[in-house]
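Printed here is target01.txt (compact mmCIF, C-alpha atoms and all ligand atoms):
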```txt
# COMPACT_ATOMS: atom_id res chain seq x y z
CA MET A 24 41.85 72.31 56.69
CA LYS A 25 45.43 72.90 55.71
CA THR A 26 47.41 71.22 52.96
CA HIS A 27 51.16 71.35 52.56
CA VAL A 28 52.13 70.74 48.94
CA ILE A 29 55.63 69.27 49.12
CA THR A 30 57.53 69.06 45.85
CA SER A 31 60.70 67.47 44.61
CA LEU A 32 61.74 68.20 41.05
CA TYR A 33 64.30 65.43 40.83
CA ASP A 34 64.18 62.46 38.50
CA THR A 35 67.12 60.17 39.19
CA ALA A 36 69.55 62.94 40.28
CA HIS A 37 68.51 65.13 37.35
CA HIS A 38 66.78 68.33 38.39
CA ARG A 39 63.74 69.48 36.37
CA LYS A 40 64.27 66.81 33.73
CA ARG A 41 61.72 64.27 32.49
CA MET A 42 59.50 63.25 35.45
CA GLY A 43 61.11 66.03 37.46
CA LYS A 44 58.99 68.44 35.45
CA GLY A 45 55.70 66.97 36.65
CA PRO A 46 55.20 68.82 39.94
CA GLU A 47 55.63 72.25 38.35
CA ARG A 48 53.08 71.32 35.67
CA PHE A 49 50.52 70.70 38.41
CA LEU A 50 51.40 74.01 40.07
CA SER A 51 51.34 76.05 36.86
CA ALA A 52 47.99 74.50 35.93
CA GLY A 53 46.49 75.89 39.13
CA LEU A 54 46.88 73.26 41.85
CA VAL A 55 47.04 75.78 44.69
CA GLN A 56 43.95 77.65 43.47
CA ARG A 57 42.02 74.39 43.11
CA LEU A 58 42.92 73.36 46.64
CA GLU A 59 41.92 76.77 47.95
CA ALA A 60 38.59 76.43 46.12
CA LEU A 61 38.08 73.26 48.17
CA GLY A 62 38.55 75.28 51.36
CA GLN A 63 42.18 74.38 51.96
CA THR A 64 44.79 76.75 53.28
CA VAL A 65 47.84 75.88 51.20
CA ILE A 66 51.53 76.14 51.90
CA THR A 67 54.02 74.96 49.27
CA ALA A 68 57.49 73.72 50.08
CA THR A 69 60.18 72.32 47.87
CA VAL A 70 62.78 70.06 49.41
CA ASP A 71 65.39 69.76 46.73
CA PRO A 72 69.05 69.72 47.62
CA VAL A 73 71.56 71.22 45.22
CA PRO A 74 74.46 68.80 45.27
CA ALA A 75 77.72 70.02 43.79
CA PHE A 76 78.27 66.69 42.09
CA PRO A 77 74.95 64.87 41.65
CA ALA A 78 74.98 61.11 42.11
CA GLU A 79 71.83 59.05 41.89
CA VAL A 80 71.86 57.14 45.15
CA GLU A 81 73.09 60.06 47.25
CA THR A 82 70.62 62.50 45.68
CA GLY A 83 67.78 60.04 46.01
CA PHE A 84 68.30 59.58 49.73
CA THR A 85 68.90 63.29 50.30
CA VAL A 86 65.49 63.94 48.72
CA MET A 87 63.90 61.21 50.88
CA ARG A 88 65.33 62.84 54.01
CA GLY A 89 64.06 66.25 52.88
CA VAL A 90 60.58 64.87 52.18
CA ALA A 91 60.50 63.21 55.61
CA GLU A 92 61.36 66.50 57.31
CA ALA A 93 58.77 68.42 55.28
CA VAL A 94 56.12 65.82 56.11
CA GLN A 95 57.02 66.03 59.79
CA ALA A 96 56.55 69.80 59.59
CA ALA A 97 53.17 69.37 57.89
CA VAL A 98 52.00 66.89 60.53
CA ALA A 99 53.20 69.22 63.32
CA ALA A 100 51.18 72.04 61.73
CA GLY A 101 48.07 69.86 61.50
CA ALA A 102 48.26 69.96 57.70
CA PHE A 103 47.70 67.25 55.12
CA PRO A 104 50.96 66.38 53.30
CA LEU A 105 50.50 66.15 49.53
CA VAL A 106 53.76 65.14 47.88
CA LEU A 107 54.36 65.75 44.19
CA ALA A 108 57.65 64.35 43.00
CA GLY A 109 59.52 62.95 40.06
CA ASN A 110 60.42 59.73 41.80
CA CYS A 111 58.29 57.16 43.62
CA ASN A 112 60.96 56.47 46.22
CA THR A 113 60.00 59.77 47.89
CA THR A 114 57.24 57.69 49.52
CA VAL A 115 59.90 56.22 51.80
CA GLY A 116 60.44 59.76 53.11
CA THR A 117 56.72 60.50 53.29
CA VAL A 118 55.79 57.44 55.32
CA SER A 119 58.82 57.97 57.58
CA GLY A 120 57.74 61.55 58.24
CA LEU A 121 54.23 60.59 59.32
CA GLY A 122 55.52 59.49 62.71
CA PRO A 123 54.80 56.45 64.85
CA ARG A 124 51.19 55.93 63.78
CA ARG A 125 50.02 52.59 62.43
CA ILE A 126 50.27 53.51 58.77
CA GLY A 127 49.50 51.36 55.76
CA VAL A 128 50.27 52.08 52.13
CA VAL A 129 48.10 51.57 49.08
CA TRP A 130 50.63 51.73 46.27
CA PHE A 131 49.10 52.35 42.82
CA ASP A 132 51.80 51.80 40.21
CA ALA A 133 52.37 50.05 36.88
CA HIS A 134 55.52 48.66 38.47
CA ALA A 135 56.12 47.01 41.81
CA ASP A 136 59.18 49.15 42.64
CA PHE A 137 60.23 46.00 44.51
CA ASN A 138 63.69 45.39 43.08
CA THR A 139 66.78 45.36 45.25
CA PRO A 140 70.36 45.85 44.06
CA GLU A 141 70.51 42.04 43.96
CA THR A 142 67.53 41.60 41.63
CA SER A 143 67.59 44.77 39.53
CA GLY A 144 68.71 44.44 35.93
CA THR A 145 69.19 48.20 35.54
CA GLY A 146 70.27 49.54 38.92
CA PHE A 147 67.47 52.11 38.71
CA LEU A 148 67.04 53.31 42.30
CA ASP A 149 63.46 54.35 41.68
CA GLY A 150 62.60 50.73 40.94
CA MET A 151 63.44 49.92 44.58
CA GLY A 152 61.14 52.24 46.56
CA LEU A 153 58.78 49.61 47.91
CA ALA A 154 61.71 47.30 48.70
CA ILE A 155 63.38 50.09 50.71
CA LEU A 156 60.12 50.94 52.47
CA THR A 157 59.65 47.33 53.58
CA GLY A 158 63.24 47.00 54.78
CA ARG A 159 64.74 44.85 52.04
CA CYS A 160 67.71 46.95 50.91
CA TRP A 161 69.75 50.12 51.41
CA GLN A 162 69.19 49.83 55.15
CA ALA A 163 72.14 51.98 56.28
CA LEU A 164 70.98 54.87 54.10
CA ALA A 165 67.31 54.30 54.92
CA GLY A 166 68.30 54.64 58.57
CA THR A 167 69.38 58.22 57.90
CA ILE A 168 65.79 59.19 56.96
CA PRO A 169 64.10 60.86 59.96
CA GLY A 170 61.47 58.53 61.40
CA TYR A 171 62.28 55.60 59.12
CA ALA A 172 61.32 52.12 60.28
CA PRO A 173 60.72 49.21 57.90
CA LEU A 174 57.03 48.82 57.11
CA SER A 175 55.74 45.30 57.53
CA ASP A 176 54.51 43.61 54.37
CA ASP A 177 50.98 43.11 55.66
CA ARG A 178 50.55 46.89 55.74
CA VAL A 179 50.95 47.21 51.97
CA VAL A 180 48.47 46.81 49.12
CA LEU A 181 50.10 46.98 45.68
CA ALA A 182 47.54 47.98 43.06
CA GLY A 183 47.77 47.95 39.28
CA ALA A 184 51.30 46.55 38.92
CA ARG A 185 51.79 44.79 35.60
CA ASP A 186 55.44 45.13 34.60
CA LEU A 187 57.71 43.15 36.92
CA ASP A 188 61.18 41.72 36.53
CA VAL A 189 61.45 37.93 36.96
CA LEU A 190 63.24 37.94 40.32
CA GLU A 191 61.15 40.87 41.49
CA ARG A 192 57.97 38.91 40.80
CA GLU A 193 59.30 35.83 42.60
CA ARG A 194 60.07 37.82 45.72
CA LEU A 195 56.73 39.58 45.62
CA GLU A 196 54.81 36.34 45.29
CA GLY A 197 56.72 34.92 48.22
CA CYS A 198 55.82 37.68 50.66
CA ALA A 199 52.74 39.00 52.47
CA ILE A 200 52.17 42.12 50.36
CA ALA A 201 48.63 42.06 48.93
CA CYS A 202 48.74 42.39 45.14
CA LEU A 203 45.85 43.48 42.96
CA SER A 204 46.89 43.53 39.31
CA ASP A 205 45.41 45.92 36.77
CA ALA A 206 43.39 42.99 35.42
CA ALA A 207 42.02 42.31 38.90
CA LEU A 208 41.07 45.95 39.38
CA ASN A 209 39.48 46.15 35.93
CA ALA A 210 37.44 42.98 36.47
CA GLU A 211 33.76 43.24 37.21
CA ASP A 212 34.45 42.28 40.81
CA GLY A 213 37.41 44.69 41.07
CA PRO A 214 35.72 46.80 43.76
CA GLU A 215 35.00 43.67 45.84
CA ARG A 216 38.63 42.57 45.53
CA MET A 217 39.82 45.97 46.65
CA SER A 218 37.29 45.91 49.46
CA THR A 219 38.61 42.57 50.71
CA ALA A 220 42.21 43.84 50.64
CA LEU A 221 41.22 46.99 52.52
CA ASP A 222 39.36 44.99 55.15
CA VAL A 223 42.55 43.03 55.85
CA LEU A 224 44.63 46.22 55.86
CA ALA A 225 42.19 47.91 58.25
CA GLN A 226 42.95 45.25 60.86
CA GLU A 227 46.59 46.37 60.89
CA VAL A 228 46.52 50.12 60.36
CA GLU A 229 44.66 53.25 61.43
CA ALA A 230 45.36 55.32 58.29
CA VAL A 231 46.94 55.03 54.87
CA HIS A 232 49.41 56.80 52.64
CA LEU A 233 48.02 56.86 49.10
CA HIS A 234 50.84 56.35 46.63
CA ILE A 235 49.86 57.09 43.05
CA ASP A 236 52.45 56.64 40.33
CA LEU A 237 50.48 58.13 37.45
CA ASP A 238 51.79 55.38 35.17
CA VAL A 239 49.18 53.12 36.75
CA HIS A 240 46.87 54.68 34.14
CA ASP A 241 46.17 53.02 30.80
CA ALA A 242 48.79 54.62 28.53
CA ARG A 243 46.46 54.61 25.54
CA ILE A 244 44.14 56.95 27.40
CA ALA A 245 46.35 58.72 29.92
CA PRO A 246 50.09 58.73 29.14
CA ALA A 247 52.30 59.44 32.15
CA ASN A 248 55.93 58.58 31.44
CA HIS A 249 58.31 56.63 29.21
CA PHE A 250 58.18 53.55 31.44
CA GLN A 251 54.45 52.97 31.13
CA PRO A 252 53.68 49.42 29.95
CA PRO A 253 50.50 48.29 28.17
CA GLY A 254 47.45 47.70 30.33
CA GLY A 255 46.44 49.80 33.29
CA LEU A 256 43.43 51.68 34.53
CA ALA A 257 41.19 54.18 32.80
CA PRO A 258 41.01 57.47 34.73
CA GLN A 259 37.48 56.84 36.03
CA ARG A 260 38.38 53.37 37.29
CA LEU A 261 41.41 54.74 39.11
CA GLN A 262 39.37 57.53 40.61
CA ASP A 263 36.75 55.03 41.81
CA MET A 264 39.46 52.88 43.39
CA VAL A 265 41.10 55.84 45.13
CA ALA A 266 37.68 56.98 46.38
CA GLN A 267 37.10 53.48 47.72
CA VAL A 268 40.35 53.57 49.68
CA ALA A 269 39.57 57.02 51.06
CA GLU A 270 36.10 55.92 52.14
CA ARG A 271 37.41 52.86 53.96
CA LEU A 272 40.43 54.34 55.78
CA PRO A 273 41.57 57.83 56.74
CA VAL A 274 44.17 59.16 54.30
CA ALA A 275 47.23 60.39 56.20
CA SER A 276 49.16 61.63 53.16
CA ALA A 277 49.29 61.24 49.40
CA TYR A 278 51.85 61.13 46.61
CA LEU A 279 51.25 61.74 42.93
CA GLY A 280 54.25 61.50 40.69
CA ALA A 281 56.44 59.95 38.04
CA TYR A 282 54.63 62.26 35.65
CA ASP A 283 56.46 63.56 32.59
CA PRO A 284 54.33 66.36 31.11
CA GLU A 285 56.01 65.97 27.73
CA VAL A 286 54.28 62.63 27.09
CA ASP A 287 50.87 64.09 27.96
CA PRO A 288 50.38 66.93 25.45
CA GLU A 289 46.58 66.63 25.66
CA ARG A 290 46.81 66.92 29.45
CA VAL A 291 44.52 63.94 29.99
CA THR A 292 46.71 62.54 32.75
CA LEU A 293 47.08 65.97 34.33
CA LYS A 294 43.28 66.28 34.48
CA SER A 295 43.02 62.82 35.98
CA GLY A 296 45.64 63.79 38.57
CA PHE A 297 43.62 66.84 39.55
CA ALA A 298 40.48 64.70 39.87
CA LEU A 299 42.37 62.28 42.11
CA ILE A 300 43.68 65.08 44.30
CA GLU A 301 40.18 66.50 44.63
CA THR A 302 38.79 63.09 45.57
CA ILE A 303 41.45 62.70 48.25
CA VAL A 304 41.13 66.20 49.67
CA LYS A 305 37.33 66.02 49.82
CA SER A 306 37.65 62.79 51.82
CA LEU A 307 39.65 64.63 54.50
CA ASP A 308 36.56 66.53 55.64
CA ALA A 309 34.30 63.49 55.75
MN MN B 1 56.67 53.78 40.57
```

When written as structure tokens, how does the structure in this file appear?
Ligand SMILES: [Mn+2]
Amino acid sequence: MKTHVITSLYDTAHHRKRMGKGPERFLSAGLVQRLEALGQTVITATVDPVPAFPAEVETGFTVMRGVAEAVQAAVAAGAFPLVLAGNCNTTVGTVSGLGPRRIGVVWFDAHADFNTPETSGTGFLDGMGLAILTGRCWQALAGTIPGYAPLSDDRVVLAGARDLDVLERERLEGCAIACLSDAALNAEDGPERMSTALDVLAQEVEAVHLHIDLDVHDARIAPANHFQPPGGLAPQRLQDMVAQVAERLPVASAYLGAYDPEVDPERVTLKSGFALIETIVKSLDA
């Protein structure tokens, strides 16, 4: 099996700052060697543009286009696309690059990333990734991403979200996206709830993109970034949930990101990330 490790070192138009440092931490800690030990042939590619005058929205969409092209190249080579990036909105590029398959997304994240410019209180583009993916905003720019088509809500499971803006929550509750909160996933019947959501998803899709914002972890155990709210999943619980997804549906691609190594000096979250990647990659052979 082949894996293409696709990296973007941007966080909000800033190169190699904050969460933009995460992908290189995974690489310097031996990601390629670990993948090779699992029998993978690995190619790494970075997609970052170097704009003369960085602006957040423009840079964000340039990165999404670059990720889409890199994912298309991986798919054409028969390789598994593993995207490591500073920003969650790269998933719009990843799913676009997978081509016209019936793809679903299981989106693990402390946040819903479901704001639009009309609901956002901060204007933070990376809080809008799921809204862009499902066709709710930035449609002219989204249309410049190779392969982009809005994903229908019933192809999305949002898992672990616990920090939502008021309008964002209202819109989420009024749509068909399946939501499993961190409390739901941590409950005794968490696996059954996930199983039910995956059964519904499996009626609509043939494979999934696994989106893992590492801030879905419990910050007290596994710190990931400065935006991580209280609550969340212990590393083992998250790993069990990801394994459950990978057992139920083929994994077409995966994203791990929004990881700022500076908040994780003990490297607990890094280790959890490696365990998640290994779980995903092992499922590819099954
Ligand atoms: Mn996110």

Mind dumping a table of every chain A residue within 8 Å of ligand MN 1 (chain B), with the nearest atom pair and its distance in Å to one decimal, using all atoms listed in the file, sorted by chain and rising number, as CSV?
```
residue,atom,partner,partner_atom,distance
A:Asn110,CA,B:MN1,MN,7.1
A:Cys111,CA,B:MN1,MN,4.8
A:Asn112,CA,B:MN1,MN,7.6
A:Asp132,CA,B:MN1,MN,5.3
A:Ala133,CA,B:MN1,MN,6.8
A:His134,CA,B:MN1,MN,5.7
A:Ala135,CA,B:MN1,MN,6.9
A:Asp136,CA,B:MN1,MN,5.7
A:Asp149,CA,B:MN1,MN,6.9
A:Gly150,CA,B:MN1,MN,6.7
A:Gly152,CA,B:MN1,MN,7.6
A:Ile235,CA,B:MN1,MN,8.0
A:Asp236,CA,B:MN1,MN,5.1
A:Asp238,CA,B:MN1,MN,7.5
A:Ala281,CA,B:MN1,MN,6.7
```

For stretch 139-246 of chain A versus stretch 283-301 of chain A, which residues have an atom no more than 9 Å away, and what is each residue's nearest atom pair and distance in Å rounded to one decimal, using all atoms listed in the file, chain-then-number order, as a tab-separated table?
```
residue	atom	partner	partner_atom	distance
A:Leu237	CA	A:Thr292	CA	7.5
A:His240	CA	A:Thr292	CA	8.0
A:Ile244	CA	A:Val291	CA	7.5
A:Ala245	CA	A:Thr292	CA	4.8
A:Pro246	CA	A:Asp287	CA	5.5
```

Against stretch 262-271 of chain A, which residues of stretch 94-188 of chain A fall within 12 Å? For each one I want the closest pair of atoms and the distance in Å (one decimal), counting all atoms listed in the file, rows by chain and increasing residue number, as CSV.
```
residue,atom,partner,partner_atom,distance
A:Gly127,CA,A:Val268,CA,11.2
A:Val128,CA,A:Val268,CA,10.3
A:Val129,CA,A:Val268,CA,8.0
A:Trp130,CA,A:Val265,CA,10.4
A:Phe131,CA,A:Val265,CA,9.0
A:Val180,CA,A:Val268,CA,10.6
A:Ala182,CA,A:Met264,CA,9.5
A:Gly183,CA,A:Met264,CA,10.5
```

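Between A:His232 and the candidates A:Ala100, A:Val86, A:Ile168, A:Leu279, the tightest atom-to-atom separation, counting all atoms listed in the file, involves A:Leu279.
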
(message) Residues within 12 Å of A:Ala78, please, as a list in words. Count only C-alpha atoms; anything in the same chain fewer than 2 positions from it doesn't count.
(response) Tyr33, Asp34, Thr35, Ala36, His37, His38, Pro72, Val73, Pro74, Ala75, Phe76, Val80, Glu81, Thr82, Gly83, Phe84, Thr85, Val86 and Leu148 of chain A

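The closest residue to A:Pro123, picked from A:Ala97, A:Leu54, A:Val65, A:Val228 and counting only C-alpha atoms, is A:Val228.
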
Report the centre and edge lengths, in Å to one decimal, of an axis-aligned box enclosing every atom of stretch 91-104 of chain A listed in the file, padded by 4 Å on each side, as JSON.
```
{"center_x": 54.5, "center_y": 67.6, "center_z": 58.3, "size_x": 21.7, "size_y": 16.8, "size_z": 18.0}
```

(request) Grab the atom CA of A:Ala220 to atom CA of A:Tyr171 distance for me, in Å with one decimal place. (result)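 Here the two named atoms are 24.8 Å from each other.
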
(message) Here is a test: counting all atoms listed in the file, which residue of A:Asp241, A:Glu59, A:Glu92, A:Glu141 is nearest to A:Glu191?
(response) A:Glu141

(request) Rank A:Thr139, A:Gln251, A:Ser31, A:Thr302 by their smallest atom-to-atom distance to A:Lys44, using all atoms listed in the file, and report the top residue only. (result) A:Ser31

(request) Could you give me, as JSON, numbers by chain, the residues within 10 Å of A:Ala275, counting only C-alpha atoms and dropping anything in the same chain fewer than 6 positions from it? (result) {"A": [98, 102, 103, 104, 105, 117, 118, 121, 124, 126, 127, 128, 229, 230, 231, 232, 233, 269, 307]}

(message) Between A:Gly101, A:Met217, A:Thr67, A:Met87, which residue has the minimum interatomic distance to A:Lys25, considering all atoms listed in the file?
(response)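 Checking each candidate against A:Lys25, we get A:Gly101 as the closest.
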
(message) Report, in Å with one decimal, the straight-line distance from atom CA of A:Cys202 to atom CA of A:Leu181.
(response)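 One can read the atom CA of A:Cys202 to atom CA of A:Leu181 distance as 4.8 Å.
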
(request) Go through A:Val189, A:Pro169, A:Gly255, A:Pro140 one by one, measure the shortest atom-to-atom distance of each to A:Ala207 using all atoms listed in the file, and give the residue with the smallest value. (result)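 For A:Ala207, the nearest of the candidates is A:Gly255.
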
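Using all atoms listed in the file, the residues found no farther than 10 Å from A:Leu50, other than those of its own chain fewer than 6 positions away, are A:Val28, A:Thr30, A:Gln56, A:Arg57, A:Thr67, A:Leu107.
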
(request) Just give me the gap between atom CA of A:Leu58 and atom CA of A:Val106 in Å, one decimal is fine. (result)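 Separation between atom CA of A:Leu58 and atom CA of A:Val106: 13.7 Å.
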
(request) Name the residues in contact with A:Asp177 at a cut-off of 10 Å, using only C-alpha atoms, excluding same-chain residues fewer than 2 positions from it; report them as number ranges by chain. (result) A: 127-128, 157, 174-175, 179-180, 198-201, 223-224, 226-228

Atoms are missing here; could stretch 211-246 of chain A be completed with N, CA and C atoms and written as an mmCIF file, keeping the file's coordinate frame?
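The resulting rebuild.cif:
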```cif
data_model
loop_
_atom_site.group_PDB
_atom_site.id
_atom_site.type_symbol
_atom_site.label_atom_id
_atom_site.label_comp_id
_atom_site.auth_asym_id
_atom_site.auth_seq_id
_atom_site.Cartn_x
_atom_site.Cartn_y
_atom_site.Cartn_z
ATOM 1 N N GLU A 211 35.067 42.805 36.715
ATOM 2 C CA GLU A 211 33.760 43.240 37.210
ATOM 3 C C GLU A 211 33.734 43.287 38.743
ATOM 4 N N ASP A 212 34.438 42.318 39.335
ATOM 5 C CA ASP A 212 34.450 42.280 40.810
ATOM 6 C C ASP A 212 35.664 43.012 41.394
ATOM 7 N N GLY A 213 36.273 43.909 40.593
ATOM 8 C CA GLY A 213 37.410 44.690 41.070
ATOM 9 C C GLY A 213 37.143 45.412 42.390
ATOM 10 N N PRO A 214 36.006 46.105 42.491
ATOM 11 C CA PRO A 214 35.720 46.800 43.760
ATOM 12 C C PRO A 214 35.637 45.845 44.950
ATOM 13 N N GLU A 215 35.083 44.644 44.735
ATOM 14 C CA GLU A 215 35.000 43.670 45.840
ATOM 15 C C GLU A 215 36.399 43.194 46.227
ATOM 16 N N ARG A 216 37.263 43.003 45.214
ATOM 17 C CA ARG A 216 38.630 42.570 45.530
ATOM 18 C C ARG A 216 39.371 43.637 46.320
ATOM 19 N N MET A 217 39.192 44.881 45.903
ATOM 20 C CA MET A 217 39.820 45.970 46.650
ATOM 21 C C MET A 217 39.242 46.038 48.063
ATOM 22 N N SER A 218 37.948 45.864 48.160
ATOM 23 C CA SER A 218 37.290 45.910 49.460
ATOM 24 C C SER A 218 37.849 44.851 50.409
ATOM 25 N N THR A 219 38.054 43.657 49.890
ATOM 26 C CA THR A 219 38.610 42.570 50.710
ATOM 27 C C THR A 219 40.019 42.926 51.186
ATOM 28 N N ALA A 220 40.846 43.453 50.265
ATOM 29 C CA ALA A 220 42.210 43.840 50.640
ATOM 30 C C ALA A 220 42.209 44.944 51.698
ATOM 31 N N LEU A 221 41.286 45.881 51.554
ATOM 32 C CA LEU A 221 41.220 46.990 52.520
ATOM 33 C C LEU A 221 40.713 46.524 53.880
ATOM 34 N N ASP A 222 39.832 45.536 53.877
ATOM 35 C CA ASP A 222 39.360 44.990 55.150
ATOM 36 C C ASP A 222 40.519 44.360 55.922
ATOM 37 N N VAL A 223 41.380 43.638 55.207
ATOM 38 C CA VAL A 223 42.550 43.030 55.850
ATOM 39 C C VAL A 223 43.498 44.120 56.347
ATOM 40 N N LEU A 224 43.733 45.119 55.490
ATOM 41 C CA LEU A 224 44.630 46.220 55.860
ATOM 42 C C LEU A 224 44.108 46.963 57.097
ATOM 43 N N ALA A 225 42.794 47.145 57.144
ATOM 44 C CA ALA A 225 42.190 47.910 58.250
ATOM 45 C C ALA A 225 42.374 47.228 59.598
ATOM 46 N N GLN A 226 42.670 45.937 59.592
ATOM 47 C CA GLN A 226 42.950 45.250 60.860
ATOM 48 C C GLN A 226 44.331 45.619 61.400
ATOM 49 N N GLU A 227 45.203 46.099 60.504
ATOM 50 C CA GLU A 227 46.590 46.370 60.890
ATOM 51 C C GLU A 227 46.895 47.844 61.071
ATOM 52 N N VAL A 228 46.125 48.712 60.404
ATOM 53 C CA VAL A 228 46.520 50.120 60.360
ATOM 54 C C VAL A 228 45.344 51.031 60.717
ATOM 55 N N GLU A 229 45.698 52.270 61.101
ATOM 56 C CA GLU A 229 44.660 53.250 61.430
ATOM 57 C C GLU A 229 44.470 54.272 60.303
ATOM 58 N N ALA A 230 45.452 54.359 59.391
ATOM 59 C CA ALA A 230 45.360 55.320 58.290
ATOM 60 C C ALA A 230 46.290 54.861 57.175
ATOM 61 N N VAL A 231 46.106 55.438 55.993
ATOM 62 C CA VAL A 231 46.940 55.030 54.870
ATOM 63 C C VAL A 231 47.623 56.212 54.185
ATOM 64 N N HIS A 232 48.784 55.915 53.616
ATOM 65 C CA HIS A 232 49.410 56.800 52.640
ATOM 66 C C HIS A 232 48.970 56.305 51.261
ATOM 67 N N LEU A 233 48.435 57.205 50.463
ATOM 68 C CA LEU A 233 48.020 56.860 49.100
ATOM 69 C C LEU A 233 49.146 57.204 48.147
ATOM 70 N N HIS A 234 49.726 56.179 47.568
ATOM 71 C CA HIS A 234 50.840 56.350 46.630
ATOM 72 C C HIS A 234 50.290 56.168 45.217
ATOM 73 N N ILE A 235 50.396 57.197 44.407
ATOM 74 C CA ILE A 235 49.860 57.090 43.050
ATOM 75 C C ILE A 235 50.947 57.471 42.037
ATOM 76 N N ASP A 236 51.602 56.440 41.507
ATOM 77 C CA ASP A 236 52.450 56.640 40.330
ATOM 78 C C ASP A 236 51.486 56.759 39.162
ATOM 79 N N LEU A 237 51.509 57.891 38.477
ATOM 80 C CA LEU A 237 50.480 58.130 37.450
ATOM 81 C C LEU A 237 50.606 57.175 36.274
ATOM 82 N N ASP A 238 51.700 56.393 36.233
ATOM 83 C CA ASP A 238 51.790 55.380 35.170
ATOM 84 C C ASP A 238 50.916 54.161 35.427
ATOM 85 N N VAL A 239 50.179 54.179 36.522
ATOM 86 C CA VAL A 239 49.180 53.120 36.750
ATOM 87 C C VAL A 239 48.022 53.261 35.753
ATOM 88 N N HIS A 240 47.889 54.454 35.174
ATOM 89 C CA HIS A 240 46.870 54.680 34.140
ATOM 90 C C HIS A 240 47.129 53.810 32.903
ATOM 91 N N ASP A 241 46.076 53.622 32.135
ATOM 92 C CA ASP A 241 46.170 53.020 30.800
ATOM 93 C C ASP A 241 46.833 54.036 29.870
ATOM 94 N N ALA A 242 48.002 53.670 29.336
ATOM 95 C CA ALA A 242 48.790 54.620 28.530
ATOM 96 C C ALA A 242 48.061 55.060 27.267
ATOM 97 N N ARG A 243 47.176 54.219 26.763
ATOM 98 C CA ARG A 243 46.460 54.610 25.540
ATOM 99 C C ARG A 243 45.518 55.772 25.801
ATOM 100 N N ILE A 244 45.090 55.883 27.043
ATOM 101 C CA ILE A 244 44.140 56.950 27.400
ATOM 102 C C ILE A 244 44.858 58.090 28.108
ATOM 103 N N ALA A 245 45.737 57.727 29.044
ATOM 104 C CA ALA A 245 46.350 58.720 29.920
ATOM 105 C C ALA A 245 47.852 58.447 30.044
ATOM 106 N N PRO A 246 48.639 58.960 29.100
ATOM 107 C CA PRO A 246 50.090 58.730 29.140
ATOM 108 C C PRO A 246 50.758 59.499 30.286
#
```
